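K.L.:
Before we start, here is the structure in question, set down as structure tokens.
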Amino acid sequence: MKLNCVVVDDSSIQRMIIAKLVNNHTGLNLVGDFSNAIEAKGCMSVNDVDLIFLDIEMPVISGFDFLDGLKIKPQIIFITSKAEYAMKAFDYDATDYLQKPIALDRFNSSVKRAMDMHLLKLDTKEEEGDHIFIKSNLKKLKIFTSKIKWIEAFGDYVRVVTEDDSNLVLSTMKSFESELSNKKFVRVHKSYIINIDKVERFNSKFAEIGLTKIPLSRNKKEDLVKALSVS
């Protein structure tokens, strides 16, 4: 197992040092190293990243501001020359906090912690399955995404239809869409998001899930075809 990593540090010398440590570690794969948060975010939008080695004090966008802008946060190992950020760093659920200059044994210890946490997360995910929490009728419900059949716009609410039941949630379709995997869920209409694993057949106008026909927008049909072809 290798963790996909990115290094974000505005110092070219420090980036080179950290990148070398990453490349020499058998459990890490360097996806890229970047001098600023904007470039790193662009890389992460098209690559799966498990771990970020992140400097805190950077021009324009600090390490903390960078994390605030991420919807999905990988593990973080902060790397900085100052100790005073340590408390704030752990408010961001940091895996570790390394001070420059970085000793090899300390780096290896930090990576081991990240790998152990990654394995624990994988074990938990297999045990529980992917899930989200929704609030319906003043109750917080745990919904396994594999059981969701479709999500439907319903006025100011969305209706979440699963294999077991359906629930109304005060939310927008856009907000709900951001919580679901784009590999399994596709927005096929302004009012519908469907789980492609539940689609039994489709034509130019509808996708069929059980006895229900879900309308397909003309400009969304290609998204469904593409998703089904790689699922």
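In the structure tokens, each chain is lettered A, B, ... as it comes, each chain's residues begin at 1, and ligands are numbered from 1 in order of appearance.
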For Val46 in chain A, find every residue with an atom within 12 Å (counting only C-alpha atoms), except residues of its own chain fewer than 5 positions away, and show them as a PyMOL selection string.
P.N.:
chain A and resi 31-32+39-41
K.L.:
Could you give me, as a list in words, the residues within 10 Å of range 178-182 of chain A, counting only C-alpha atoms and dropping anything in the same chain fewer than 2 positions from it?
P.N.:
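The filter keeps Lys71, Ile72, Asp130, His131, Ile132, Phe133, Thr145, Met173, Lys174, Ser175, Phe176, Lys184, Phe185, Val186, Arg187, Ile193, Asn195 and Ala227 of chain A.
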K.L.:
Please determine, counting only C-alpha atoms, which residue among A:Tyr97, A:Phe144, A:Phe154, A:Phe34 has the shortest atom-to-atom distance to Tyr85 in chain A.
P.N.:
A:Tyr97
K.L.:
DSSP on the backbone: which residues in range 95-189 of chain A end up as helix (DSSP H, G or I)? Give the answer as a ChimeraX atom specification.
P.N.:
/A:104-128,145-147,173-179
K.L.:
Which is closest to Ser109 in chain A among A:Gly155, A:Ser229, A:His25, A:Leu67, if we use only C-alpha atoms?
P.N.:
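Under the stated criterion, the closest residue is A:His25.
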K.L.:
Could you work out how far CA of Ala19 in chain A lies from CA of Asp68 in chain A, giving the answer in Å with one decimal?
P.N.:
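Between CA of Asp68 in chain A and CA of Ala19 in chain A the gap is 24.0 Å.
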K.L.:
Return the single residue from A:Glu163, A:Glu177, A:Asp10, A:Asp91 that is closest to Ile209 in chain A, with distances computed using only C-alpha atoms.
P.N.:
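Closest to Ile209 in chain A of all the choices is A:Glu163.
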K.L.:
Please report, as a VMD selection string, each residue of range 9-196 of chain A to which DSSP assigns strand (DSSP E) when run on this structure's backbone.
P.N.:
chain A and resid 28 to 34 51 to 54 75 to 80 96 to 99 131 to 136 139 to 144 148 to 154 157 to 162 166 to 170 185 to 189 192 to 195
K.L.:
List as a list in words the protein and nucleic acid residues near Tyr92 in chain A, meaning an atom at most 12 Å away when only C-alpha atoms are counted, but skip any in the same chain fewer than 6 places from it.
P.N.:
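These residues fall inside the cut-off: Gly63, Phe64, Asp65, Phe66, Leu67, Asp68, Leu70, Lys73, Pro74, Gln75, Ile76, Ile77, Phe78, Tyr85 and Ala86 of chain A.
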K.L.:
Can those selected residues be exported to a file as a PDB file, in the first residue's frame so that it contains C-alpha atoms?
P.N.:
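The resulting out-v6.pdb:
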ATOM      1  CA  GLY A  63      -1.996  26.504   4.972  1.00  0.00           C
ATOM      2  CA  PHE A  64      -5.028  26.940   7.229  1.00  0.00           C
ATOM      3  CA  ASP A  65      -6.928  28.959   4.599  1.00  0.00           C
ATOM      4  CA  PHE A  66      -6.111  26.262   2.041  1.00  0.00           C
ATOM      5  CA  LEU A  67      -7.675  23.585   4.259  1.00  0.00           C
ATOM      6  CA  ASP A  68     -10.735  25.742   4.912  1.00  0.00           C
ATOM      7  CA  LEU A  70     -11.263  21.941   0.739  1.00  0.00           C
ATOM      8  CA  LYS A  73      -9.711  16.776   3.435  1.00  0.00           C
ATOM      9  CA  PRO A  74      -6.972  14.158   3.187  1.00  0.00           C
ATOM     10  CA  GLN A  75      -4.687  13.525   6.136  1.00  0.00           C
ATOM     11  CA  ILE A  76      -2.481  16.496   6.962  1.00  0.00           C
ATOM     12  CA  ILE A  77       1.085  16.595   8.216  1.00  0.00           C
ATOM     13  CA  PHE A  78       1.959  20.214   8.917  1.00  0.00           C
ATOM     14  CA  TYR A  85       0.795  26.960  15.427  1.00  0.00           C
ATOM     15  CA  ALA A  86       0.691  23.476  16.977  1.00  0.00           C
TER      16      ALA A  86
END
K.L.:
Which residue is closest to Val60 in chain A? Choose from A:Asn47, A:Asn23, A:Asn219, A:Ser35 and count only C-alpha atoms.
P.N.:
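That would be A:Ser35, the residue with the smallest distance to Val60 in chain A.
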K.L.:
Could you please determine the separation between CA of Gly27 in chain A and CA of Leu3 in chain A in Å, to one decimal place?
P.N.:
6.3 Å
K.L.:
How many Å separate CA of Ile214 in chain A from CA of Ile196 in chain A?
P.N.:
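Separating CA of Ile214 in chain A from CA of Ile196 in chain A is a distance of 11.7 Å.
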